[in-house]
>>> print(open('structure_23.cif').read())   # mmCIF, C-alpha atoms and all ligand atoms
data_coords
loop_
_atom_site.label_atom_id
_atom_site.label_comp_id
_atom_site.auth_asym_id
_atom_site.auth_seq_id
_atom_site.Cartn_x
_atom_site.Cartn_y
_atom_site.Cartn_z
CA MET W 10 93.80 59.08 91.43
CA THR W 11 93.76 55.54 90.06
CA THR W 12 95.51 52.77 91.91
CA SER W 13 95.96 49.07 91.32
CA GLY W 14 96.63 46.20 93.67
CA ASP W 15 100.04 44.60 93.70
CA GLY W 16 100.32 41.55 91.48
CA VAL W 17 97.20 42.34 89.48
CA GLY W 18 96.91 44.09 86.14
CA SER W 19 95.93 47.73 86.52
CA SER W 20 93.38 47.55 83.71
CA ALA W 21 91.45 44.77 85.46
CA TYR W 22 91.70 46.41 88.88
CA ALA W 23 91.58 50.12 88.04
CA PHE W 24 89.90 51.92 90.88
CA ASP W 25 88.77 55.50 90.39
CA VAL W 26 89.22 56.97 93.85
CA GLU W 27 88.56 60.56 92.74
CA ARG W 28 85.18 59.53 91.35
CA ILE W 29 84.39 57.66 94.57
CA ARG W 30 85.40 60.65 96.69
CA ARG W 31 82.79 62.82 94.97
CA ASP W 32 80.12 60.63 96.59
CA PHE W 33 81.43 61.47 100.10
CA PRO W 34 80.91 65.21 100.73
CA VAL W 35 82.32 64.98 104.26
CA LEU W 36 85.76 64.43 102.72
CA LYS W 37 85.71 68.07 101.59
CA ARG W 38 85.20 69.23 105.18
CA GLU W 39 87.76 71.35 106.93
CA VAL W 40 88.83 70.18 110.38
CA ASN W 41 91.04 72.52 112.41
CA GLY W 42 91.95 74.45 109.29
CA HIS W 43 92.91 71.38 107.22
CA THR W 44 90.99 69.26 104.73
CA LEU W 45 89.75 66.21 106.61
CA VAL W 46 91.83 63.05 106.21
CA TYR W 47 89.51 60.37 107.52
CA LEU W 48 91.50 57.33 108.63
CA ASP W 49 89.17 55.90 111.28
CA ASN W 50 87.26 53.55 109.02
CA ALA W 51 87.67 50.52 111.25
CA ALA W 52 85.55 52.34 113.83
CA THR W 53 82.93 53.41 111.31
CA SER W 54 83.03 54.30 107.63
CA GLN W 55 81.60 57.41 106.03
CA ARG W 56 78.40 57.10 103.96
CA PRO W 57 78.01 58.03 100.30
CA VAL W 58 75.30 60.44 99.11
CA GLN W 59 73.42 57.47 97.63
CA VAL W 60 72.93 55.91 101.09
CA MET W 61 71.92 59.23 102.66
CA ALA W 62 69.48 59.84 99.79
CA GLU W 63 67.92 56.43 100.34
CA ILE W 64 67.37 57.15 104.04
CA THR W 65 65.66 60.43 103.12
CA ARG W 66 63.64 58.78 100.34
CA PHE W 67 62.37 56.09 102.71
CA TYR W 68 61.23 58.52 105.41
CA ARG W 69 59.81 60.95 102.83
CA ASP W 70 57.96 58.50 100.55
CA SER W 71 57.57 55.02 102.04
CA ASN W 72 57.78 55.26 105.82
CA ALA W 73 55.62 52.64 107.56
CA ASN W 74 56.04 49.71 109.89
CA ILE W 75 56.65 46.34 108.24
CA HIS W 76 54.88 42.96 108.33
CA ARG W 77 51.92 44.61 110.04
CA GLY W 78 49.82 46.61 107.65
CA VAL W 79 47.77 45.95 104.53
CA HIS W 80 48.09 49.53 103.39
CA THR W 81 50.29 50.51 100.47
CA LEU W 82 53.09 52.14 102.44
CA SER W 83 53.44 49.17 104.78
CA VAL W 84 53.52 46.73 101.87
CA GLU W 85 56.14 48.88 100.11
CA ALA W 86 58.28 49.17 103.24
CA THR W 87 58.00 45.41 103.83
CA ASP W 88 59.03 44.61 100.25
CA GLN W 89 61.99 46.99 100.41
CA TYR W 90 63.14 45.67 103.80
CA GLU W 91 62.79 42.03 102.76
CA GLY W 92 64.56 42.78 99.47
CA VAL W 93 67.72 43.67 101.39
CA ARG W 94 67.97 40.10 102.73
CA GLU W 95 68.56 38.97 99.16
CA LYS W 96 71.25 41.64 98.67
CA VAL W 97 73.03 40.50 101.84
CA ARG W 98 72.68 36.86 100.78
CA SER W 99 74.34 37.59 97.47
CA PHE W 100 77.07 39.73 99.13
CA ILE W 101 78.23 36.85 101.36
CA GLY W 102 77.41 33.95 99.04
CA ALA W 103 74.81 32.45 101.38
CA PRO W 104 72.43 29.77 100.07
CA SER W 105 69.17 31.43 101.15
CA ALA W 106 67.87 34.92 102.01
CA SER W 107 65.89 33.34 104.88
CA GLU W 108 69.23 32.71 106.62
CA ILE W 109 69.84 36.47 107.01
CA VAL W 110 68.82 37.87 110.40
CA PHE W 111 68.93 41.64 110.92
CA THR W 112 70.25 42.77 114.29
CA ARG W 113 71.57 46.08 115.64
CA ASN W 114 75.26 45.33 115.09
CA THR W 115 77.97 42.65 115.21
CA THR W 116 77.88 42.67 119.01
CA GLU W 117 74.20 41.79 119.06
CA SER W 118 74.70 39.12 116.38
CA ILE W 119 77.36 37.35 118.46
CA ASN W 120 75.27 37.68 121.62
CA LEU W 121 72.32 36.20 119.73
CA VAL W 122 74.41 33.08 119.03
CA ALA W 123 75.62 32.93 122.63
CA HIS W 124 72.08 33.24 124.01
CA ALA W 125 70.00 31.27 121.55
CA TRP W 126 72.37 28.62 120.18
CA ALA W 127 75.03 28.12 122.85
CA ARG W 128 72.67 28.24 125.84
CA ALA W 129 70.49 25.63 124.14
CA PHE W 130 73.16 23.27 122.89
CA LEU W 131 76.31 23.59 125.05
CA GLU W 132 76.83 21.92 128.41
CA ALA W 133 79.32 22.24 131.26
CA GLY W 134 82.71 21.02 130.09
CA ASP W 135 82.09 21.78 126.40
CA GLU W 136 84.81 23.96 124.94
CA VAL W 137 84.56 27.25 123.07
CA VAL W 138 87.79 28.29 121.34
CA ILE W 139 88.47 31.96 120.61
CA SER W 140 91.74 33.75 119.80
CA GLU W 141 93.93 36.28 121.55
CA ILE W 142 93.19 38.90 118.89
CA GLU W 143 89.41 39.00 119.30
CA HIS W 144 87.38 42.16 119.82
CA HIS W 145 85.68 42.26 123.24
CA SER W 146 82.39 41.43 121.45
CA ASN W 147 83.75 37.98 120.72
CA ILE W 148 85.25 37.44 124.19
CA VAL W 149 82.83 38.77 126.79
CA PRO W 150 79.70 36.82 125.69
CA TRP W 151 81.70 33.58 125.99
CA GLN W 152 83.07 34.53 129.40
CA MET W 153 79.50 35.22 130.53
CA LEU W 154 78.45 31.80 129.22
CA ARG W 155 81.41 30.19 130.98
CA ASP W 156 80.43 31.78 134.29
CA GLU W 157 76.78 30.82 133.87
CA ARG W 158 77.06 27.35 132.33
CA GLY W 159 80.54 26.04 133.12
CA ILE W 160 81.70 25.80 129.54
CA VAL W 161 85.49 25.89 129.12
CA LEU W 162 86.90 28.90 127.27
CA ARG W 163 90.21 28.33 125.47
CA HIS W 164 92.16 30.56 123.15
CA ILE W 165 94.61 30.44 120.26
CA PRO W 166 97.56 32.68 121.16
CA MET W 167 99.00 35.46 119.06
CA LEU W 168 102.60 35.38 117.83
CA ASP W 169 104.88 38.42 118.01
CA ASP W 170 104.02 39.43 114.45
CA GLY W 171 100.28 39.59 115.21
CA THR W 172 99.38 36.35 113.41
CA LEU W 173 97.91 33.38 115.28
CA ASP W 174 99.97 30.41 116.46
CA LEU W 175 98.50 27.77 114.17
CA ASP W 176 100.47 24.93 115.85
CA VAL W 177 98.78 25.75 119.13
CA ALA W 178 95.48 26.10 117.26
CA ARG W 179 95.83 22.51 116.01
CA ALA W 180 96.44 21.33 119.57
CA THR W 181 93.66 23.45 121.06
CA ILE W 182 90.81 22.58 118.70
CA GLY W 183 89.87 19.01 119.61
CA PRO W 184 87.10 16.55 120.42
CA ARG W 185 85.70 18.69 123.26
CA THR W 186 85.47 21.80 121.05
CA LYS W 187 81.86 22.69 120.31
CA LEU W 188 82.44 26.17 118.89
CA LEU W 189 85.31 28.01 117.26
CA ALA W 190 84.45 31.73 117.54
CA ILE W 191 87.04 33.63 115.55
CA THR W 192 87.61 36.92 113.79
CA LEU W 193 88.41 36.96 110.09
CA MET W 194 90.26 40.24 110.46
CA SER W 195 91.62 41.87 113.63
CA ASN W 196 90.47 45.43 114.25
CA ALA W 197 93.53 46.18 116.38
CA LEU W 198 96.27 44.81 114.09
CA GLY W 199 94.63 44.17 110.74
CA THR W 200 95.70 40.50 110.80
CA ILE W 201 93.72 38.36 108.36
CA VAL W 202 93.12 34.98 110.00
CA PRO W 203 93.18 31.77 107.88
CA VAL W 204 89.65 30.97 109.00
CA GLY W 205 89.07 28.33 106.30
CA GLU W 206 91.92 26.18 107.61
CA LEU W 207 90.79 26.54 111.23
CA ALA W 208 87.17 25.85 110.27
CA ASP W 209 88.20 22.57 108.60
CA LEU W 210 89.91 21.60 111.83
CA ALA W 211 86.86 22.53 113.92
CA HIS W 212 84.46 20.72 111.60
CA ALA W 213 86.65 17.59 111.68
CA HIS W 214 85.87 17.51 115.41
CA GLY W 215 82.16 18.19 114.87
CA ALA W 216 82.36 21.78 116.16
CA ARG W 217 80.54 24.81 114.75
CA VAL W 218 82.33 27.92 113.51
CA LEU W 219 81.29 31.50 114.23
CA VAL W 220 83.12 34.13 112.19
CA ASP W 221 83.32 37.73 113.40
CA ALA W 222 83.37 39.54 110.06
CA ALA W 223 82.91 43.08 111.45
CA GLN W 224 86.22 44.14 109.87
CA ALA W 225 86.33 41.63 107.02
CA ALA W 226 82.90 42.13 105.41
CA PRO W 227 83.54 45.80 104.53
CA HIS W 228 86.97 45.11 103.02
CA LEU W 229 87.32 41.55 101.69
CA PRO W 230 85.25 39.41 99.33
CA ILE W 231 83.33 36.97 101.53
CA ASP W 232 81.83 33.62 100.67
CA VAL W 233 80.42 31.78 103.68
CA GLY W 234 80.74 28.42 101.92
CA GLU W 235 84.44 28.92 101.14
CA LEU W 236 85.07 30.19 104.66
CA GLY W 237 83.44 27.15 106.20
CA ALA W 238 81.40 29.37 108.51
CA ASP W 239 78.28 28.23 110.34
CA PHE W 240 77.58 31.71 111.74
CA LEU W 241 78.79 35.06 110.36
CA ALA W 242 78.36 38.42 112.11
CA PHE W 243 78.93 41.93 110.78
CA SER W 244 77.74 45.58 111.01
CA ALA W 245 76.37 47.90 108.32
CA HIS W 246 77.99 51.03 109.74
CA LYS W 247 81.52 49.88 108.87
CA MET W 248 80.56 49.30 105.23
CA LEU W 249 78.91 52.55 104.11
CA GLY W 250 75.57 51.76 105.76
CA PRO W 251 73.70 53.33 108.67
CA THR W 252 74.41 52.69 112.35
CA GLY W 253 71.99 50.42 114.18
CA VAL W 254 71.94 47.65 111.56
CA GLY W 255 73.82 44.38 111.88
CA VAL W 256 73.65 40.96 110.27
CA LEU W 257 73.74 37.47 111.62
CA TRP W 258 73.93 34.82 108.93
CA ALA W 259 73.57 31.23 110.10
CA ARG W 260 73.01 27.92 108.36
CA GLY W 261 69.29 27.36 107.93
CA GLU W 262 69.19 24.15 109.98
CA LEU W 263 70.86 25.93 112.91
CA LEU W 264 68.36 28.79 112.82
CA GLU W 265 65.51 26.26 112.68
CA ALA W 266 66.84 24.40 115.72
CA MET W 267 67.64 27.49 117.80
CA PRO W 268 65.09 28.91 120.24
CA PRO W 269 64.31 32.63 119.88
CA PHE W 270 66.56 35.32 121.31
CA LEU W 271 64.12 38.11 122.28
CA GLY W 272 60.37 37.66 122.74
CA GLY W 273 57.73 40.09 121.48
CA GLY W 274 55.93 41.26 118.38
CA ASP W 275 56.65 39.79 114.95
CA MET W 276 58.69 36.81 116.19
CA ILE W 277 55.55 34.79 117.01
CA ALA W 278 53.07 32.70 115.04
CA THR W 279 50.41 32.52 117.79
CA VAL W 280 50.12 33.89 121.32
CA SER W 281 47.63 32.99 124.04
CA LEU W 282 47.75 34.03 127.67
CA THR W 283 49.44 30.73 128.48
CA GLU W 284 51.74 29.95 125.56
CA SER W 285 53.16 31.08 122.24
CA THR W 286 54.49 29.53 119.05
CA TRP W 287 57.24 31.00 116.92
CA ASN W 288 57.29 32.63 113.53
CA GLU W 289 59.37 31.04 110.78
CA VAL W 290 63.04 31.94 110.36
CA PRO W 291 64.47 34.53 110.09
CA HIS W 292 61.49 36.41 111.64
CA LYS W 293 61.71 34.25 114.78
CA PHE W 294 64.87 36.23 115.63
CA GLU W 295 63.61 39.73 114.84
CA ALA W 296 61.35 40.74 117.73
CA GLY W 297 59.86 44.24 117.71
CA THR W 298 60.11 46.99 115.11
CA PRO W 299 63.51 46.84 113.44
CA ASN W 300 65.52 49.69 111.94
CA VAL W 301 63.42 49.61 108.78
CA GLY W 302 64.90 52.69 107.10
CA GLY W 303 68.41 51.68 108.15
CA VAL W 304 68.12 48.21 106.65
CA ILE W 305 66.72 49.61 103.40
CA ALA W 306 69.59 52.12 103.15
CA PHE W 307 72.02 49.31 103.95
CA GLY W 308 70.78 47.71 100.72
CA THR W 309 72.02 50.79 98.87
CA ALA W 310 75.41 50.49 100.60
CA ILE W 311 75.69 46.88 99.44
CA ASP W 312 74.76 47.91 95.88
CA TYR W 313 77.53 50.52 96.03
CA LEU W 314 80.18 48.04 97.18
CA GLN W 315 79.09 45.38 94.72
CA ALA W 316 79.29 47.86 91.86
CA LEU W 317 82.87 48.61 92.90
CA ASP W 318 83.63 44.85 93.20
CA MET W 319 85.02 43.59 96.51
CA GLU W 320 88.12 42.17 94.80
CA ARG W 321 88.97 45.70 93.69
CA VAL W 322 88.20 47.11 97.12
CA ARG W 323 90.66 44.62 98.60
CA ALA W 324 93.31 45.36 95.95
CA HIS W 325 93.03 49.11 96.55
CA GLU W 326 93.35 48.75 100.31
CA ARG W 327 96.23 46.28 100.08
CA GLU W 328 98.14 48.73 97.92
CA LEU W 329 97.42 51.61 100.31
CA THR W 330 98.30 49.52 103.36
CA GLY W 331 101.61 48.43 101.85
CA TYR W 332 102.39 52.07 101.10
CA ALA W 333 101.43 53.17 104.63
CA LEU W 334 103.53 50.44 106.25
CA SER W 335 106.62 51.39 104.26
CA THR W 336 106.03 55.12 104.77
CA LEU W 337 105.48 54.97 108.53
CA ALA W 338 108.40 52.58 109.00
CA ARG W 339 110.69 55.42 107.88
CA VAL W 340 109.52 57.75 110.65
CA PRO W 341 112.02 57.70 113.53
CA GLY W 342 110.43 56.41 116.73
CA VAL W 343 107.56 54.57 115.04
CA THR W 344 106.94 50.90 115.90
CA LEU W 345 104.48 49.12 113.64
CA HIS W 346 102.30 46.40 115.14
CA GLY W 347 100.87 43.40 113.31
CA PRO W 348 102.07 41.57 110.19
CA LEU W 349 104.30 43.65 107.92
CA ASP W 350 103.17 41.83 104.77
CA PRO W 351 100.08 43.62 103.35
CA ASN W 352 98.88 40.28 101.98
CA LEU W 353 98.42 39.09 105.57
CA ARG W 354 96.50 42.11 106.79
CA GLY W 355 93.63 44.37 105.88
CA GLY W 356 93.71 48.16 105.79
CA VAL W 357 94.47 48.70 109.47
CA VAL W 358 97.83 50.07 110.58
CA SER W 359 98.44 50.19 114.34
CA PHE W 360 101.56 51.92 115.56
CA SER W 361 103.32 53.39 118.57
CA LEU W 362 105.46 56.53 118.63
CA GLU W 363 108.28 56.30 121.11
CA GLY W 364 107.84 58.53 124.15
CA VAL W 365 104.39 59.77 123.08
CA HIS W 366 101.09 58.39 124.38
CA PRO W 367 98.80 57.27 121.53
CA HIS W 368 96.09 59.67 122.73
CA ASP W 369 98.52 62.55 122.29
CA VAL W 370 99.38 61.24 118.82
CA GLY W 371 95.66 61.18 118.05
CA GLN W 372 95.16 64.74 119.30
CA VAL W 373 98.09 66.23 117.41
CA LEU W 374 96.97 64.44 114.25
CA ASP W 375 93.44 65.79 114.76
CA SER W 376 94.84 69.31 115.00
CA ARG W 377 96.15 68.67 111.47
CA GLY W 378 92.81 67.31 110.24
CA VAL W 379 93.92 63.66 110.34
CA ALA W 380 91.33 61.44 112.09
CA ILE W 381 92.70 58.22 113.56
CA ARG W 382 91.71 56.14 116.60
CA ALA W 383 93.88 55.90 119.69
CA GLY W 384 93.21 53.42 122.48
CA HIS W 385 92.91 49.71 123.11
CA HIS W 386 90.39 49.35 120.27
CA CYS W 387 88.17 47.07 122.41
CA ALA W 388 90.92 44.47 122.09
CA GLN W 389 92.61 44.68 125.47
CA PRO W 390 94.13 41.17 125.28
CA VAL W 391 96.09 42.32 122.20
CA MET W 392 97.44 45.28 124.16
CA GLN W 393 98.31 43.00 127.10
CA ARG W 394 100.17 40.68 124.71
CA LEU W 395 102.08 43.64 123.23
CA GLY W 396 102.77 44.99 126.71
CA ILE W 397 101.37 48.44 125.94
CA PRO W 398 98.19 50.22 127.06
CA ALA W 399 97.12 51.46 123.65
CA THR W 400 98.12 52.10 120.05
CA ALA W 401 97.47 54.75 117.43
CA ARG W 402 95.50 53.22 114.56
CA ALA W 403 94.99 54.44 111.00
CA SER W 404 92.45 52.48 108.96
CA PHE W 405 91.65 52.86 105.28
CA TYR W 406 88.69 52.50 102.96
CA ILE W 407 87.66 52.90 99.36
CA TYR W 408 88.01 56.71 99.30
CA ASN W 409 91.48 56.99 100.85
CA THR W 410 94.49 57.96 98.75
CA ARG W 411 98.27 57.86 98.79
CA ASP W 412 98.23 61.62 99.35
CA GLU W 413 96.33 61.01 102.56
CA VAL W 414 98.90 58.43 103.66
CA ASP W 415 101.54 61.11 103.01
CA ALA W 416 99.53 63.54 105.17
CA LEU W 417 99.47 60.89 107.91
CA GLU W 418 103.21 60.40 107.71
CA GLU W 419 103.89 64.14 107.81
CA ALA W 420 101.59 64.58 110.80
CA VAL W 421 103.27 61.70 112.67
CA ARG W 422 106.70 63.24 111.95
CA GLU W 423 105.47 66.60 113.25
CA THR W 424 104.10 64.86 116.36
CA ALA W 425 107.50 63.29 117.02
CA SER W 426 109.25 66.65 116.79
CA TYR W 427 106.48 68.42 118.76
CA PHE W 428 107.11 66.03 121.65
CA GLY W 429 110.86 66.40 121.28
CA PHE W 430 111.65 62.90 120.05
CA THR W 431 115.28 62.57 119.05
CA PRO W 432 115.72 60.85 115.68
CA GLY W 433 118.11 57.94 115.82
CA ALA W 434 116.37 56.10 118.63
CA THR W 435 114.68 52.70 118.14
CA VAL W 436 112.98 52.12 114.81
CA ALA W 437 111.13 48.82 114.50
N1 LIG D 501 85.23 47.69 116.21
C1 LIG D 501 86.74 49.58 116.17
O1 LIG D 501 87.02 50.78 116.25
P1 LIG D 501 79.81 46.78 116.62
O2 LIG D 501 80.25 47.84 117.56
O3 LIG D 501 78.88 45.80 117.28
O4 LIG D 501 79.31 47.31 115.31
O5 LIG D 501 81.13 45.96 116.23
C2 LIG D 501 81.85 45.29 117.22
C3 LIG D 501 83.09 44.71 116.64
C4 LIG D 501 83.23 43.33 116.62
N2 LIG D 501 84.30 42.76 116.06
C5 LIG D 501 85.28 43.47 115.50
C6 LIG D 501 86.44 42.77 114.86
C7 LIG D 501 85.21 44.87 115.50
O6 LIG D 501 86.19 45.58 114.94
C8 LIG D 501 84.10 45.51 116.10
C9 LIG D 501 84.00 47.01 116.19
C10 LIG D 501 85.30 49.13 116.25
O7 LIG D 501 87.62 48.74 116.03
C11 LIG D 501 84.60 49.74 117.41
S1 LIG D 501 85.21 49.17 118.96
#
>>> encode(input="structure_23.cif", output="structure tokens", more="lines below")
Ligand code: C6P
Amino acid sequence: MTTSGDGVGSSAYAFDVERIRRDFPVLKREVNGHTLVYLDNAATSQRPVQVMAEITRFYRDSNANIHRGVHTLSVEATDQYEGVREKVRSFIGAPSASEIVFTRNTTESINLVAHAWARAFLEAGDEVVISEIEHHSNIVPWQMLRDERGIVLRHIPMLDDGTLDLDVARATIGPRTKLLAITLMSNALGTIVPVGELADLAHAHGARVLVDAAQAAPHLPIDVGELGADFLAFSAHKMLGPTGVGVLWARGELLEAMPPFLGGGDMIATVSLTESTWNEVPHKFEAGTPNVGGVIAFGTAIDYLQALDMERVRAHERELTGYALSTLARVPGVTLHGPLDPNLRGGVVSFSLEGVHPHDVGQVLDSRGVAIRAGHHCAQPVMQRLGIPATARASFYIYNTRDEVDALEEAVRETASYFGFTPGATVA
């Protein structure tokens, strides 16, 4: 199947989904007697054969620890690992590969900023501004800092349609703001946040901007300069890479000024029994043996996405999301959450089915081979704002098709009738 994004010429944005699907053998799997329809990509994506082959190649041919040995395998592993910094730099338009810090995941990247930067540079009374649609990873570290240091935590509220209240944002970001910590794309609603505009506002008040790109980096073209980010956090496992690999990008001068996060091997220049000095950035922030094979295979995942072109990835998902929104809206009993305009959201569609708990929706869909997530999506404030405990969430990626959206719709219809929903009741 070939699809094109709305508003763009199909020749420029042709996207060969069938060819892509051949690289993902798991998509041929049967689940409960049906061909798998994998729509839980916001939780974690599948990996192509190229990434799995690279993991095997590393452990088979080049496995060694890095930065430690003079032997051939160690030098090879070091070169391959360091080479991925350049791939990540190019993927996010960063000025220098030395600004790329490898972590375990987005959560660790944000905590690194909270521990190393915020604990060093923020004082009681300084304000950190987040939003109501953040993932817990971008809420809890700031609450911990508030409780420990007396910083003031403020938030930009969400409007009924799942977008942020930008008027309140303008009133909230002010002279006391030291950090705006904000998601570029909500994992619970798909909302794409106008981070550039908010970053301008924050910078006008001398604040720094941390962007949670866990959902955005896999699905949207990212340029840290255009975004106006000072820190950017994301995870490899949501963008075709292995689990256990994350990225923190930060402006070089910030990394230079920040004290280390964890202490141990590799992050030091010298150690005596009484004191230590630090390695240069980014190594100062990578204590201990990292996920060497995972980082190297992440490089292959980035190559894969860059060959597809992130503009095309976005166009494909926007088209699919628009189709899913219109399809699900026709199912009696379905309420869609988040912006209804696919230009304002990524490939995440959260919905409720009247009279049926989202976990039951998830289980009935699973019995038909359709994998979605049901729950609060680690975004409980969004659920509190919507006044519901949980949603059902379908999320798309490069290998998903319109046929799979049709399978989702059919399974949701069957769920409604299985639970005895009477058509004709509320349709949002
Ligand atoms: N969201 C989801 O199903 P980690 O777990 O550290 O790789 O990513 C955390 C994270 C941070 N921010 C956003 C916006 C996210 O979506 C996530 C992960 C998954 O929605 C797992 S809860």
>>> residues_near_ligand(input="structure_23.cif", ligand="ligand LIG 501 (chain D)", cutoff="6 Å", atoms="all atoms listed in the file", output="list in words")
Ala51, Ala52, Asn114, Thr115, Thr116, His144, Ser146, Ser195, Asn196, Asp221, Ala223, Gln224, Ser244, His386 and Cys387 of chain W
>>> residues_around(input="structure_23.cif", residues="range 81-88 of chain W", least_positions_apart="2", cutoff="10 Å", atoms="only C-alpha atoms", output="list in words")
Phe67, Asp70, Ser71, Asn72, Ala73, Asn74, Ile75, His76, Arg77, Gly78, Val79, Tyr90, Glu91, Gly92, Val93, Val301, Gly302 and Ile305 of chain W
>>> closest_residue(input="structure_23.cif", among="W:Gly297, W:Pro230, W:Pro166, W:Gly102", to="Arg321 in chain W", atoms="only C-alpha atoms")
W:Pro230
>>> atom_distance(input="structure_23.cif", atom1="CA of Val137 in chain W", atom2="CA of Phe100 in chain W")
28.0 Å
>>> residues_around(input="structure_23.cif", residues="range 285-293 of chain W", least_positions_apart="3", cutoff="9 Å", atoms="all atoms listed in the file", output="MDAnalysis selection string")
chainID W and resid 106:111 261 264:265 268:272 275:282 296
>>> atom_distance(input="structure_23.cif", atom1="CA of Asn409 in chain W", atom2="CA of Arg113 in chain W")
27.1 Å
>>> residues_around(input="structure_23.cif", residues="Ala197 in chain W", least_positions_apart="6", cutoff="9 Å", atoms="all atoms listed in the file", output="mmCIF file with C-alpha atoms, in the frame of the given file")
data_model
loop_
_atom_site.group_PDB
_atom_site.id
_atom_site.type_symbol
_atom_site.label_atom_id
_atom_site.label_comp_id
_atom_site.auth_asym_id
_atom_site.auth_seq_id
_atom_site.Cartn_x
_atom_site.Cartn_y
_atom_site.Cartn_z
ATOM 1 C CA ALA W 51 87.670 50.520 111.250
ATOM 2 C CA ILE W 142 93.190 38.900 118.890
ATOM 3 C CA GLU W 143 89.410 39.000 119.300
ATOM 4 C CA HIS W 144 87.380 42.160 119.820
ATOM 5 C CA HIS W 346 102.300 46.400 115.140
ATOM 6 C CA GLY W 347 100.870 43.400 113.310
ATOM 7 C CA VAL W 357 94.470 48.700 109.470
ATOM 8 C CA VAL W 358 97.830 50.070 110.580
ATOM 9 C CA SER W 359 98.440 50.190 114.340
ATOM 10 C CA HIS W 385 92.910 49.710 123.110
ATOM 11 C CA HIS W 386 90.390 49.350 120.270
ATOM 12 C CA CYS W 387 88.170 47.070 122.410
ATOM 13 C CA ALA W 388 90.920 44.470 122.090
ATOM 14 C CA VAL W 391 96.090 42.320 122.200
ATOM 15 C CA MET W 392 97.440 45.280 124.160
ATOM 16 C CA THR W 400 98.120 52.100 120.050
ATOM 17 C CA ARG W 402 95.500 53.220 114.560
#
>>> atom_distance(input="structure_23.cif", atom1="CA of Gly371 in chain W", atom2="CA of Gly331 in chain W")
21.5 Å
>>> residues_around(input="structure_23.cif", residues="range 247-253 of chain W", least_positions_apart="2", cutoff="7 Å", atoms="all atoms listed in the file", output="VMD selection string")
chain W and resid 50 to 57 60 113 to 114 227 244 to 245 255 300 303 306 to 307 310
>>> write_last_selection(input="structure_23.cif", atoms="C-alpha atoms", output="PDB file, in the frame of the given file")
ATOM      1  CA  ASN W  50      87.260  53.550 109.020  1.00  0.00           C
ATOM      2  CA  ALA W  51      87.670  50.520 111.250  1.00  0.00           C
ATOM      3  CA  ALA W  52      85.550  52.340 113.830  1.00  0.00           C
ATOM      4  CA  THR W  53      82.930  53.410 111.310  1.00  0.00           C
ATOM      5  CA  SER W  54      83.030  54.300 107.630  1.00  0.00           C
ATOM      6  CA  GLN W  55      81.600  57.410 106.030  1.00  0.00           C
ATOM      7  CA  ARG W  56      78.400  57.100 103.960  1.00  0.00           C
ATOM      8  CA  PRO W  57      78.010  58.030 100.300  1.00  0.00           C
ATOM      9  CA  VAL W  60      72.930  55.910 101.090  1.00  0.00           C
ATOM     10  CA  ARG W 113      71.570  46.080 115.640  1.00  0.00           C
ATOM     11  CA  ASN W 114      75.260  45.330 115.090  1.00  0.00           C
ATOM     12  CA  PRO W 227      83.540  45.800 104.530  1.00  0.00           C
ATOM     13  CA  SER W 244      77.740  45.580 111.010  1.00  0.00           C
ATOM     14  CA  ALA W 245      76.370  47.900 108.320  1.00  0.00           C
ATOM     15  CA  GLY W 255      73.820  44.380 111.880  1.00  0.00           C
ATOM     16  CA  ASN W 300      65.520  49.690 111.940  1.00  0.00           C
ATOM     17  CA  GLY W 303      68.410  51.680 108.150  1.00  0.00           C
ATOM     18  CA  ALA W 306      69.590  52.120 103.150  1.00  0.00           C
ATOM     19  CA  PHE W 307      72.020  49.310 103.950  1.00  0.00           C
ATOM     20  CA  ALA W 310      75.410  50.490 100.600  1.00  0.00           C
TER      21      ALA W 310
END
>>> residues_around(input="structure_23.cif", residues="Arg128 in chain W", least_positions_apart="3", cutoff="10 Å", atoms="only C-alpha atoms", output="count of residues only")
11
>>> residues_near_point(input="structure_23.cif", point="(95.9, 21.2, 118.3)", cutoff="12 Å", atoms="all atoms listed in the file", output="VMD selection string")
chain W and resid 138 163 to 166 174 to 186 207 210 to 211 213 to 214
>>> residues_near_point(input="structure_23.cif", point="(81.1, 18.1, 131.9)", cutoff="9 Å", atoms="all atoms listed in the file", output="compact mmCIF listing (two decimals) with C-alpha atoms, in the coordinates of the input")
# COMPACT_ATOMS: atom_id res chain seq x y z
CA GLU W 132 76.83 21.92 128.41
CA ALA W 133 79.32 22.24 131.26
CA GLY W 134 82.71 21.02 130.09
CA ASP W 135 82.09 21.78 126.40
CA GLY W 159 80.54 26.04 133.12
CA ILE W 160 81.70 25.80 129.54
>>> closest_residue(input="structure_23.cif", among="W:Ile381, W:Met153, W:Leu241, W:Leu121", to="Ala401 in chain W", atoms="all atoms listed in the file")
W:Ile381
>>> closest_residue(input="structure_23.cif", among="W:Leu162, W:Val370, W:Ala425, W:Leu198", to="Leu353 in chain W", atoms="all atoms listed in the file")
W:Leu198
>>> closest_residue(input="structure_23.cif", among="W:Trp151, W:Tyr68, W:Trp258, W:Phe405", to="Ile191 in chain W", atoms="only C-alpha atoms")
W:Trp151
>>> closest_residue(input="structure_23.cif", among="W:Val256, W:Asp156, W:Ile407, W:Val340", to="Glu295 in chain W", atoms="all atoms listed in the file")
W:Val256
>>> closest_residue(input="structure_23.cif", among="W:Arg377, W:Arg323, W:Arg28, W:Arg66", to="Gln89 in chain W", atoms="only C-alpha atoms")
W:Arg66
